[in-house]
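**Q** Input file: start10.txt. Contents: compact mmCIF, C-alpha atoms.
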# COMPACT_ATOMS: atom_id res chain seq x y z
CA MET R 1 0.00 0.00 0.00
CA LYS R 2 1.40 3.38 -1.05
CA LYS R 3 1.98 5.99 1.60
CA ILE R 4 0.29 9.24 0.57
CA THR R 5 2.12 12.24 1.96
CA ASN R 6 0.52 15.29 0.33
CA ARG R 7 -2.74 15.34 2.25
CA PRO R 8 -3.42 17.17 5.51
CA SER R 9 -3.42 15.34 8.81
CA GLY R 10 -6.83 15.06 10.40
CA LEU R 11 -8.44 13.50 7.35
CA GLN R 12 -10.33 10.33 8.19
CA PRO R 13 -7.73 7.62 7.41
CA LEU R 14 -9.67 5.92 4.60
CA ILE R 15 -10.22 9.29 2.91
CA GLN R 16 -6.56 10.08 3.50
CA GLN R 17 -5.37 6.93 1.72
CA ARG R 18 -7.94 6.70 -1.10
CA TRP R 19 -6.60 7.06 -4.61
CA SER R 20 -7.25 5.54 -8.03
CA PRO R 21 -4.51 3.22 -9.23
CA ARG R 22 -4.27 1.61 -12.65
CA ALA R 23 -2.11 -1.32 -11.53
CA PHE R 24 -4.19 -4.11 -10.03
CA SER R 25 -3.01 -7.47 -8.70
CA SER R 26 -4.43 -10.67 -10.12
CA GLN R 27 -6.12 -11.48 -6.80
CA ALA R 28 -9.88 -12.00 -7.16
CA VAL R 29 -12.39 -10.09 -5.05
CA ALA R 30 -14.57 -12.49 -3.09
CA PRO R 31 -18.28 -12.16 -3.92
CA GLU R 32 -19.14 -11.36 -0.30
CA VAL R 33 -16.55 -8.57 -0.28
CA LEU R 34 -17.98 -7.05 -3.46
CA GLU R 35 -21.40 -7.30 -1.86
CA ARG R 36 -20.21 -5.24 1.12
CA LEU R 37 -18.93 -2.56 -1.26
CA LEU R 38 -22.33 -2.45 -2.93
CA GLU R 39 -24.03 -2.36 0.49
CA ALA R 40 -21.96 0.72 1.30
CA ALA R 41 -23.23 2.32 -1.91
CA ARG R 42 -26.77 1.25 -1.05
CA TRP R 43 -26.71 3.13 2.26
CA ALA R 44 -25.73 6.46 0.74
CA PRO R 45 -28.07 9.40 1.22
CA SER R 46 -30.19 10.57 -1.70
CA CYS R 47 -32.72 13.23 -2.55
CA TYR R 48 -36.10 12.15 -1.10
CA ASN R 49 -34.37 8.79 -0.45
CA GLU R 50 -35.00 7.95 -4.13
CA GLN R 51 -31.79 5.86 -4.43
CA PRO R 52 -31.35 6.50 -8.16
CA TRP R 53 -28.21 4.35 -8.33
CA ARG R 54 -27.97 1.02 -10.10
CA PHE R 55 -24.84 -1.08 -10.62
CA VAL R 56 -23.91 -3.54 -13.32
CA VAL R 57 -20.85 -5.50 -12.21
CA ALA R 58 -18.77 -8.41 -13.44
CA HIS R 59 -16.02 -10.41 -11.78
CA ALA R 60 -13.07 -11.24 -14.06
CA SER R 61 -14.00 -14.90 -13.55
CA ASP R 62 -17.26 -14.25 -15.40
CA ALA R 63 -15.34 -13.83 -18.64
CA ALA R 64 -18.23 -12.95 -20.96
CA ALA R 65 -19.79 -10.37 -18.66
CA PHE R 66 -16.36 -8.90 -17.85
CA ALA R 67 -15.51 -8.62 -21.55
CA GLY R 68 -18.87 -6.97 -22.16
CA ILE R 69 -18.14 -4.16 -19.73
CA LEU R 70 -14.49 -3.93 -20.79
CA SER R 71 -15.59 -3.44 -24.41
CA THR R 72 -17.45 -0.26 -23.50
CA LEU R 73 -14.30 1.45 -22.17
CA VAL R 74 -12.12 3.66 -24.35
CA PRO R 75 -9.04 1.76 -25.59
CA PHE R 76 -6.71 3.56 -23.19
CA ASN R 77 -8.76 2.42 -20.20
CA GLN R 78 -9.15 -1.10 -21.60
CA GLY R 79 -5.35 -1.31 -21.56
CA TRP R 80 -5.09 -1.28 -17.79
CA ALA R 81 -8.65 -2.06 -16.64
CA LYS R 82 -8.49 -5.52 -18.22
CA SER R 83 -6.38 -6.56 -15.19
CA ALA R 84 -8.90 -5.43 -12.57
CA ALA R 85 -10.72 -8.08 -10.55
CA VAL R 86 -14.12 -6.47 -11.04
CA LEU R 87 -15.49 -4.04 -13.61
CA GLY R 88 -18.71 -2.14 -13.25
CA ILE R 89 -20.94 0.59 -14.57
CA ALA R 90 -22.75 2.96 -12.23
CA VAL R 91 -26.14 3.69 -13.75
CA ALA R 92 -28.37 6.63 -12.82
CA ASN R 93 -32.16 6.39 -12.96
CA LEU R 94 -33.05 9.81 -14.34
CA ASN R 95 -36.62 9.90 -13.02
CA PHE R 96 -38.26 9.82 -9.64
CA ALA R 97 -40.70 6.99 -9.03
CA SER R 98 -43.38 9.65 -9.63
CA GLY R 99 -42.11 9.99 -13.21
CA LYS R 100 -40.76 13.51 -12.70
CA PRO R 101 -37.13 14.11 -13.69
CA ASN R 102 -34.71 13.63 -10.79
CA GLY R 103 -32.20 16.48 -10.84
CA TRP R 104 -30.07 14.56 -8.33
CA ALA R 105 -29.77 11.32 -10.33
CA HIS R 106 -26.10 11.87 -11.16
CA TYR R 107 -25.30 13.65 -7.90
CA ASP R 108 -26.65 10.83 -5.75
CA THR R 109 -25.12 8.12 -7.92
CA GLY R 110 -21.80 9.89 -7.31
CA GLN R 111 -22.49 9.81 -3.57
CA ALA R 112 -23.15 6.08 -3.68
CA MET R 113 -19.93 5.44 -5.60
CA ALA R 114 -17.96 7.55 -3.12
CA GLN R 115 -19.28 5.37 -0.29
CA LEU R 116 -18.40 2.26 -2.31
CA ALA R 117 -14.85 3.56 -2.69
CA ILE R 118 -14.51 4.26 1.05
CA GLN R 119 -15.76 0.77 1.85
CA ALA R 120 -13.24 -0.57 -0.68
CA GLU R 121 -10.41 1.17 1.20
CA HIS R 122 -11.78 -0.34 4.41
CA GLU R 123 -11.52 -3.79 2.79
CA GLY R 124 -7.98 -3.20 1.49
CA LEU R 125 -9.23 -2.71 -2.06
CA LYS R 126 -8.87 0.11 -4.56
CA VAL R 127 -11.41 1.61 -6.94
CA HIS R 128 -10.64 3.53 -10.11
CA GLN R 129 -13.63 5.31 -11.62
CA MET R 130 -13.62 6.27 -15.27
CA GLY R 131 -15.37 8.79 -17.46
CA GLY R 132 -13.64 7.26 -20.48
CA PHE R 133 -16.26 4.86 -21.79
CA ASP R 134 -18.83 4.87 -24.57
CA PRO R 135 -22.24 5.52 -23.00
CA ALA R 136 -24.12 4.44 -26.14
CA ALA R 137 -22.17 1.19 -26.36
CA CYS R 138 -22.88 0.71 -22.67
CA GLN R 139 -26.62 1.18 -23.02
CA GLU R 140 -26.59 -1.47 -25.76
CA ALA R 141 -24.11 -3.99 -24.32
CA LEU R 142 -25.56 -3.86 -20.80
CA ALA R 143 -29.23 -3.56 -21.81
CA ILE R 144 -29.65 -0.36 -19.83
CA PRO R 145 -33.30 0.62 -20.13
CA GLU R 146 -34.72 3.96 -21.22
CA GLY R 147 -34.72 6.60 -18.54
CA HIS R 148 -31.43 5.32 -17.17
CA VAL R 149 -27.90 6.35 -18.17
CA ALA R 150 -24.47 4.92 -17.63
CA ALA R 151 -22.95 7.59 -15.37
CA ALA R 152 -19.48 6.17 -14.73
CA ALA R 153 -17.40 3.05 -15.22
CA PHE R 154 -15.27 1.60 -12.46
CA ALA R 155 -12.55 -0.96 -11.82
CA ILE R 156 -12.06 -2.66 -8.44
CA GLY R 157 -9.19 -4.77 -7.23
CA TYR R 158 -6.23 -5.13 -4.92
CA GLU R 159 -3.38 -2.74 -5.56
CA GLY R 160 -0.87 -4.18 -8.02
CA ASP R 161 2.69 -3.69 -9.12
CA PRO R 162 3.14 -0.59 -11.32
CA ALA R 163 5.77 -2.55 -13.28
CA THR R 164 2.87 -4.47 -14.87
CA LEU R 165 1.72 -1.24 -16.59
CA ASP R 166 2.90 0.38 -19.79
CA PRO R 167 6.17 2.17 -18.98
CA GLN R 168 4.70 5.66 -19.54
CA LEU R 169 1.98 4.99 -16.93
CA GLN R 170 4.21 3.58 -14.22
CA GLY R 171 5.38 6.97 -12.96
CA GLN R 172 1.78 8.05 -12.40
CA GLU R 173 1.15 5.39 -9.75
CA THR R 174 2.14 7.65 -6.87
CA GLY R 175 -1.21 8.32 -5.21
CA GLN R 176 -0.08 11.93 -4.85
CA GLY R 177 -2.56 13.56 -7.21
CA GLU R 178 -2.99 17.27 -6.68
CA ARG R 179 -6.05 19.30 -5.80
CA LYS R 180 -7.03 22.96 -6.13
CA PRO R 181 -6.30 24.98 -2.97
CA LEU R 182 -9.17 25.09 -0.48
CA ALA R 183 -9.40 28.86 -1.02
CA GLU R 184 -10.40 28.26 -4.65
CA ILE R 185 -13.29 25.96 -3.82
CA VAL R 186 -14.67 27.20 -0.47
CA PHE R 187 -16.41 30.52 0.02
CA HIS R 188 -18.08 32.15 3.00
CA GLY R 189 -21.58 33.51 2.55
CA LYS R 190 -21.17 34.35 -1.13
CA PHE R 191 -19.47 32.70 -4.07
CA GLY R 192 -15.99 34.11 -4.58
CA LYS R 193 -15.66 35.48 -1.04
CA MET S 1 -25.68 9.19 19.18
CA LYS S 2 -28.44 6.93 17.84
CA LYS S 3 -27.73 3.25 17.41
CA ILE S 4 -28.66 2.18 13.90
CA THR S 5 -29.74 -1.44 13.79
CA ASN S 6 -31.13 -2.02 10.30
CA ARG S 7 -27.85 -2.09 8.39
CA PRO S 8 -25.70 -5.14 7.70
CA SER S 9 -22.61 -5.87 9.74
CA GLY S 10 -19.37 -5.44 7.85
CA LEU S 11 -20.16 -1.90 6.74
CA GLN S 12 -17.34 0.50 7.53
CA PRO S 13 -18.43 1.98 10.89
CA LEU S 14 -18.80 5.59 9.70
CA ILE S 15 -20.92 4.44 6.76
CA GLN S 16 -22.86 2.21 9.15
CA GLN S 17 -23.75 5.11 11.45
CA ARG S 18 -24.28 7.91 8.91
CA TRP S 19 -27.77 9.33 8.68
CA SER S 20 -29.39 12.72 8.18
CA PRO S 21 -31.03 14.13 11.29
CA ARG S 22 -33.12 17.28 11.50
CA ALA S 23 -32.50 17.91 15.20
CA PHE S 24 -29.20 19.68 15.80
CA SER S 25 -27.73 20.83 19.09
CA SER S 26 -26.84 24.48 19.62
CA GLN S 27 -23.12 23.60 19.79
CA ALA S 28 -21.05 25.51 17.23
CA VAL S 29 -18.73 23.76 14.78
CA ALA S 30 -15.17 25.03 15.20
CA PRO S 31 -13.77 26.62 12.02
CA GLU S 32 -10.89 24.13 11.91
CA VAL S 33 -13.34 21.23 12.12
CA LEU S 34 -15.41 22.62 9.25
CA GLU S 35 -12.18 23.03 7.33
CA ARG S 36 -11.38 19.33 7.77
CA LEU S 37 -14.83 18.45 6.42
CA LEU S 38 -14.15 20.58 3.36
CA GLU S 39 -10.68 19.03 3.02
CA ALA S 40 -12.35 15.63 2.88
CA ALA S 41 -14.55 16.91 0.06
CA ARG S 42 -11.52 18.39 -1.65
CA TRP S 43 -9.76 15.01 -1.83
CA ALA S 44 -12.62 13.24 -3.58
CA PRO S 45 -11.96 11.71 -6.98
CA SER S 46 -13.32 13.42 -10.08
CA CYS S 47 -13.44 12.94 -13.81
CA TYR S 48 -10.06 14.02 -15.23
CA ASN S 49 -9.40 15.39 -11.71
CA GLU S 50 -11.44 18.45 -12.71
CA GLN S 51 -12.77 18.98 -9.14
CA PRO S 52 -16.01 20.65 -10.24
CA TRP S 53 -17.18 21.16 -6.64
CA ARG S 54 -17.44 24.52 -4.93
CA PHE S 55 -18.89 25.21 -1.48
CA VAL S 56 -20.54 28.29 -0.05
CA VAL S 57 -20.77 27.90 3.72
CA ALA S 58 -21.85 29.97 6.70
CA HIS S 59 -21.51 29.40 10.42
CA ALA S 60 -24.58 30.34 12.47
CA SER S 61 -22.39 32.95 14.17
CA ASP S 62 -22.11 34.78 10.83
CA ALA S 63 -25.75 35.79 11.07
CA ALA S 64 -26.13 37.62 7.75
CA ALA S 65 -24.44 34.92 5.68
CA PHE S 66 -26.33 32.18 7.52
CA ALA S 67 -29.65 33.94 6.94
CA GLY S 68 -28.75 34.33 3.27
CA ILE S 69 -28.36 30.60 2.79
CA LEU S 70 -31.34 29.80 5.05
CA SER S 71 -33.53 32.06 2.91
CA THR S 72 -32.93 29.89 -0.16
CA LEU S 73 -34.36 26.77 1.51
CA VAL S 74 -37.99 25.77 1.15
CA PRO S 75 -40.01 26.77 4.24
CA PHE S 76 -40.21 23.21 5.52
CA ASN S 77 -36.41 22.91 5.56
CA GLN S 78 -35.98 26.40 7.02
CA GLY S 79 -38.08 25.19 9.96
CA TRP S 80 -35.45 22.76 11.22
CA ALA S 81 -32.26 23.87 9.39
CA LYS S 82 -32.32 27.22 11.17
CA SER S 83 -30.93 25.37 14.22
CA ALA S 84 -27.93 23.85 12.41
CA ALA S 85 -24.45 25.13 13.25
CA VAL S 86 -23.44 25.50 9.61
CA LEU S 87 -25.40 25.83 6.40
CA GLY S 88 -23.95 25.41 2.95
CA ILE S 89 -24.62 25.07 -0.73
CA ALA S 90 -22.69 22.60 -2.87
CA VAL S 91 -22.13 24.22 -6.25
CA ALA S 92 -21.19 22.36 -9.43
CA ASN S 93 -19.03 23.96 -12.11
CA LEU S 94 -20.76 22.70 -15.27
CA ASN S 95 -17.78 23.09 -17.59
CA PHE S 96 -14.31 21.64 -17.79
CA ALA S 97 -11.45 24.15 -17.68
CA SER S 98 -11.29 23.58 -21.45
CA GLY S 99 -14.78 25.09 -21.76
CA LYS S 100 -16.43 21.81 -22.76
CA PRO S 101 -19.46 20.69 -20.73
CA ASN S 102 -18.54 18.43 -17.83
CA GLY S 103 -21.01 15.53 -17.74
CA TRP S 104 -19.69 14.60 -14.28
CA ALA S 105 -20.21 18.01 -12.65
CA HIS S 106 -23.12 16.84 -10.50
CA TYR S 107 -21.80 13.30 -10.08
CA ASP S 108 -18.44 14.45 -8.74
CA THR S 109 -19.97 17.17 -6.56
CA GLY S 110 -22.03 14.37 -5.03
CA GLN S 111 -18.86 12.37 -4.44
CA ALA S 112 -17.24 15.31 -2.67
CA MET S 113 -20.28 15.80 -0.43
CA ALA S 114 -20.33 12.09 0.41
CA GLN S 115 -16.71 12.36 1.57
CA LEU S 116 -17.61 15.48 3.56
CA ALA S 117 -20.39 13.54 5.28
CA ILE S 118 -18.07 10.65 6.16
CA GLN S 119 -15.52 13.07 7.60
CA ALA S 120 -18.36 14.66 9.56
CA GLU S 121 -19.22 11.29 11.12
CA HIS S 122 -15.53 10.87 11.93
CA GLU S 123 -15.66 14.22 13.78
CA GLY S 124 -18.85 13.33 15.67
CA LEU S 125 -20.92 15.60 13.45
CA LYS S 126 -23.97 15.02 11.28
CA VAL S 127 -24.81 16.30 7.81
CA HIS S 128 -28.27 16.62 6.32
CA GLN S 129 -28.30 17.33 2.60
CA MET S 130 -31.36 18.89 0.99
CA GLY S 131 -32.84 19.07 -2.46
CA GLY S 132 -35.53 21.39 -1.11
CA PHE S 133 -34.16 24.83 -1.93
CA ASP S 134 -34.74 27.43 -4.61
CA PRO S 135 -31.86 27.22 -7.10
CA ALA S 136 -32.71 30.56 -8.71
CA ALA S 137 -32.83 32.31 -5.33
CA CYS S 138 -29.55 30.64 -4.52
CA GLN S 139 -27.82 31.85 -7.68
CA GLU S 140 -28.92 35.38 -6.80
CA ALA S 141 -28.39 35.40 -3.02
CA LEU S 142 -25.01 33.67 -3.18
CA ALA S 143 -23.76 35.38 -6.36
CA ILE S 144 -23.18 32.03 -8.07
CA PRO S 145 -21.65 32.82 -11.45
CA GLU S 146 -22.82 31.64 -14.85
CA GLY S 147 -21.76 28.12 -15.72
CA HIS S 148 -22.19 27.02 -12.11
CA VAL S 149 -25.31 25.66 -10.41
CA ALA S 150 -26.39 25.13 -6.85
CA ALA S 151 -26.52 21.33 -6.73
CA ALA S 152 -27.55 20.71 -3.12
CA ALA S 153 -28.01 22.47 0.18
CA PHE S 154 -26.68 21.06 3.43
CA ALA S 155 -26.84 21.52 7.18
CA ILE S 156 -24.04 20.48 9.54
CA GLY S 157 -24.05 20.22 13.29
CA TYR S 158 -23.91 18.01 16.35
CA GLU S 159 -26.86 15.70 16.81
CA GLY S 160 -29.61 17.34 18.85
CA ASP S 161 -32.64 16.41 20.86
CA PRO S 162 -35.62 15.39 18.68
CA ALA S 163 -37.88 17.05 21.27
CA THR S 164 -36.72 20.40 19.86
CA LEU S 165 -38.45 19.57 16.56
CA ASP S 166 -42.07 19.99 15.55
CA PRO S 167 -43.97 17.05 17.08
CA GLN S 168 -44.78 15.48 13.71
CA LEU S 169 -41.06 15.31 12.82
CA GLN S 170 -39.85 13.85 16.10
CA GLY S 171 -40.79 10.29 15.22
CA GLN S 172 -38.69 10.44 12.07
CA GLU S 173 -35.43 10.91 13.97
CA THR S 174 -34.68 7.22 14.13
CA GLY S 175 -31.76 6.91 11.73
CA GLN S 176 -33.42 3.74 10.46
CA GLY S 177 -34.31 4.90 6.96
CA GLU S 178 -34.99 2.11 4.51
CA ARG S 179 -33.29 1.22 1.24
CA LYS S 180 -34.28 -0.83 -1.80
CA PRO S 181 -33.08 -4.45 -1.60
CA LEU S 182 -29.63 -5.03 -3.10
CA ALA S 183 -31.23 -7.28 -5.72
CA GLU S 184 -33.12 -4.28 -7.12
CA ILE S 185 -30.03 -2.15 -7.61
CA VAL S 186 -27.21 -4.59 -8.44
CA PHE S 187 -27.02 -6.62 -11.63
CA HIS S 188 -24.43 -9.01 -13.01
CA GLY S 189 -23.24 -8.46 -16.55
CA LYS S 190 -26.49 -6.96 -17.80
CA PHE S 191 -29.06 -4.58 -16.38
CA GLY S 192 -31.92 -6.50 -14.80
CA LYS S 193 -29.99 -9.74 -14.40
Represent the structure contained in this file as structure tokens.
**A**
Amino acid sequence: MKKITNRPSGLQPLIQQRWSPRAFSSQAVAPEVLERLLEAARWAPSCYNEQPWRFVVAHASDAAAFAGILSTLVPFNQGWAKSAAVLGIAVANLNFASGKPNGWAHYDTGQAMAQLAIQAEHEGLKVHQMGGFDPAACQEALAIPEGHVAAAAFAIGYEGDPATLDPQLQGQETGQGERKPLAEIVFHGKFGK
Amino acid sequence: MKKITNRPSGLQPLIQQRWSPRAFSSQAVAPEVLERLLEAARWAPSCYNEQPWRFVVAHASDAAAFAGILSTLVPFNQGWAKSAAVLGIAVANLNFASGKPNGWAHYDTGQAMAQLAIQAEHEGLKVHQMGGFDPAACQEALAIPEGHVAAAAFAIGYEGDPATLDPQLQGQETGQGERKPLAEIVFHGKFGK
């Protein structure tokens, strides 16, 4: 496990250590462990408790299903994500049960995935979410019904050896990604203040 | 602190205990504690590390700023949120730095707020996010610039005594909210399977 050194002390330890690797070990994720990750997503908060999140997942051992999800990723992501133990697509239900559009469908699906990623850290696993996938291919390959959209793709697995990656990616496996300063994202009373 | 009994064992403890109360104590949140919550949001993952989240916050002690945010909530939420120690609006920057629309603006802002809520639990605090606010009023009152939208409102504080709430709300302070069964939200390989 990489030691992340560029984050402030006082962060909850799982938040402190969370990052998105591309190198995954070949170790499988036990079904009951994946289920706990999905339980963590399930217990996220949502607008009017609508729970707009849905998840399509595949263990690497389910070769056809895994290949189906992998095929929806952009080639660059396929290159490394093929070694993950689990691939998935987070799907957002765009409408409330009432039929009215849910303006928090993506927002709450993001919340659920953030809880999944924290639970993953708790289990010694890593999650790497991706925007680089083909939503149309996804709708087709995964039979996602109307009114639902593929919001994000994700890879789950145990942290691997960066040496297994393409040489130009190995140096990026530091866990030390940067963030904007707090002063650029937090304001008091009014935006910009 | 309420004991939540309707969630499966094996959930990471902060995820296990997280819920959204309406009763808050009158205890203030120290500025450095609020800063750690915002740090937790800051270190969330985001598409291309764009970090589309912005936060406008106000401590109750900053009466004008607090009233400004409170005024954007629907009356029902004003009724209980007026007693929170901190109010805030999570704002999503809708465009990438490149100028192209960011399809993950809401999704990633949701991820950041989920990390904020987990950090809050870690600090002994509670967060209650709200969809019940007036986005147009918010844009105006908080001077939110074009290309950004108020995605969610939130209240932060220490858990309070339900007896301080309107009688009809007191019975809802159980922390035992329900969720759809896992089988309704998780599929293997294809949606619906």
**Q** Between CA of Lys126 (chain R) and CA of Asn49 (chain S), what is the distance in Å, rounded to a tenth?
**A** 16.9 Å
**Q** Show which residues sit within 12 Å of Leu87 (chain R), as a PDB file with C-alpha atoms, in the coordinates of the input. Count only C-alpha atoms, and ignore same-chain residues fewer than 5 positions away.
**A**
ATOM      1  CA  PHE R  24      -4.190  -4.110 -10.030  1.00  0.00           C
ATOM      2  CA  ALA R  28      -9.880 -12.000  -7.160  1.00  0.00           C
ATOM      3  CA  VAL R  29     -12.390 -10.090  -5.050  1.00  0.00           C
ATOM      4  CA  LEU R  34     -17.980  -7.050  -3.460  1.00  0.00           C
ATOM      5  CA  PHE R  55     -24.840  -1.080 -10.620  1.00  0.00           C
ATOM      6  CA  VAL R  56     -23.910  -3.540 -13.320  1.00  0.00           C
ATOM      7  CA  VAL R  57     -20.850  -5.500 -12.210  1.00  0.00           C
ATOM      8  CA  ALA R  58     -18.770  -8.410 -13.440  1.00  0.00           C
ATOM      9  CA  HIS R  59     -16.020 -10.410 -11.780  1.00  0.00           C
ATOM     10  CA  ALA R  60     -13.070 -11.240 -14.060  1.00  0.00           C
ATOM     11  CA  SER R  61     -14.000 -14.900 -13.550  1.00  0.00           C
ATOM     12  CA  ASP R  62     -17.260 -14.250 -15.400  1.00  0.00           C
ATOM     13  CA  ALA R  63     -15.340 -13.830 -18.640  1.00  0.00           C
ATOM     14  CA  ALA R  64     -18.230 -12.950 -20.960  1.00  0.00           C
ATOM     15  CA  ALA R  65     -19.790 -10.370 -18.660  1.00  0.00           C
ATOM     16  CA  PHE R  66     -16.360  -8.900 -17.850  1.00  0.00           C
ATOM     17  CA  ALA R  67     -15.510  -8.620 -21.550  1.00  0.00           C
ATOM     18  CA  GLY R  68     -18.870  -6.970 -22.160  1.00  0.00           C
ATOM     19  CA  ILE R  69     -18.140  -4.160 -19.730  1.00  0.00           C
ATOM     20  CA  LEU R  70     -14.490  -3.930 -20.790  1.00  0.00           C
ATOM     21  CA  SER R  71     -15.590  -3.440 -24.410  1.00  0.00           C
ATOM     22  CA  THR R  72     -17.450  -0.260 -23.500  1.00  0.00           C
ATOM     23  CA  LEU R  73     -14.300   1.450 -22.170  1.00  0.00           C
ATOM     24  CA  ASN R  77      -8.760   2.420 -20.200  1.00  0.00           C
ATOM     25  CA  GLN R  78      -9.150  -1.100 -21.600  1.00  0.00           C
ATOM     26  CA  TRP R  80      -5.090  -1.280 -17.790  1.00  0.00           C
ATOM     27  CA  ALA R  81      -8.650  -2.060 -16.640  1.00  0.00           C
ATOM     28  CA  LYS R  82      -8.490  -5.520 -18.220  1.00  0.00           C
ATOM     29  CA  LYS R 126      -8.870   0.110  -4.560  1.00  0.00           C
ATOM     30  CA  VAL R 127     -11.410   1.610  -6.940  1.00  0.00           C
ATOM     31  CA  HIS R 128     -10.640   3.530 -10.110  1.00  0.00           C
ATOM     32  CA  GLN R 129     -13.630   5.310 -11.620  1.00  0.00           C
ATOM     33  CA  MET R 130     -13.620   6.270 -15.270  1.00  0.00           C
ATOM     34  CA  ALA R 152     -19.480   6.170 -14.730  1.00  0.00           C
ATOM     35  CA  ALA R 153     -17.400   3.050 -15.220  1.00  0.00           C
ATOM     36  CA  PHE R 154     -15.270   1.600 -12.460  1.00  0.00           C
ATOM     37  CA  ALA R 155     -12.550  -0.960 -11.820  1.00  0.00           C
ATOM     38  CA  ILE R 156     -12.060  -2.660  -8.440  1.00  0.00           C
ATOM     39  CA  GLY R 157      -9.190  -4.770  -7.230  1.00  0.00           C
TER      40      GLY R 157
ATOM     41  CA  PHE S 187     -27.020  -6.620 -11.630  1.00  0.00           C
ATOM     42  CA  HIS S 188     -24.430  -9.010 -13.010  1.00  0.00           C
ATOM     43  CA  GLY S 189     -23.240  -8.460 -16.550  1.00  0.00           C
TER      44      GLY S 189
END
**Q** Please indicate the distance in Å from CA of Val86 (chain R) to CA of Arg42 (chain S), rounded to one decimal place.
**A**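 One can read the CA of Val86 (chain R) to CA of Arg42 (chain S) distance as 26.7 Å.
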**Q** Rounded to one decimal, what separation in Å do you get between CA of Ala92 (chain R) and CA of Trp104 (chain S)?
**A**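 A separation of 11.9 Å between them.
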**Q** Considering only C-alpha atoms, return as a list in words whatever protein or nucleic-acid residues lie within 9 Å of region 110-112 of chain S, sequence-local ones (same chain, fewer than 5 positions apart) excluded.
**A** Trp104, His106, Tyr107, Asp108, Thr109, Gly110, Gln111, Ala112, Met113, Ala114 and Gln115 of chain R; Leu38, Ala40, Ala41, Arg42, Trp43, Ala44, Pro45, Ser46, Gln51, Trp53, Ala90, Ala105, Ala117, Ala151 and Ala152 of chain S
**Q** Pick the closest to chain S from R:Leu116, R:Leu142, R:Ile89, R:Val149: which is it, counting all atoms listed in the file?
**A**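 Under the stated criterion, the closest residue is R:Leu142.
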**Q** Restricting the calculation to only C-alpha atoms, which member of S:Pro101, S:Gly131, S:Gly79, S:Gly171 is positioned closest to chain R?
**A**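 For chain R, the nearest of the given residues is S:Gly131.
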**Q** Check the smallest atom-to-atom distance from each of S:Ala143, S:Val74, S:Ala23, S:Leu37 to Gly160 (chain S) using all atoms listed in the file, then report the winner.
**A**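 Between S:Ala143, S:Val74, S:Ala23, S:Leu37, the residue approaching Gly160 (chain S) most closely is S:Ala23.
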**Q** Which is closer to Asp134 (chain S) than all the others in S:Leu94, S:Pro31, S:Gly99, S:Pro75, using all atoms listed in the file?
**A**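 Residue with the minimum atom-to-atom distance to Asp134 (chain S): S:Pro75.
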**Q** Would you list the contacts of Gln27 (chain R) as a list in words, taking every protein, DNA or RNA residue within 10 Å and counting all atoms listed in the file, but skipping same-chain residues closer than 6 positions in sequence?
**A** Ser83, Ala84, Ala85, Gly157, Tyr158, Glu159 and Gly160 of chain R
**Q** Check the smallest atom-to-atom distance from each of S:Gly103, S:Pro167, S:Gly124, S:Pro21 to chain R using all atoms listed in the file, then report the winner.
**A** S:Gly103
**Q** Rank nothing, just name the residue among S:Ile144, S:Asp166, S:Ala136, S:Lys193 nearest to chain R, using all atoms listed in the file.
**A**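 Using all atoms listed in the file, chain R sits closest to S:Ile144.
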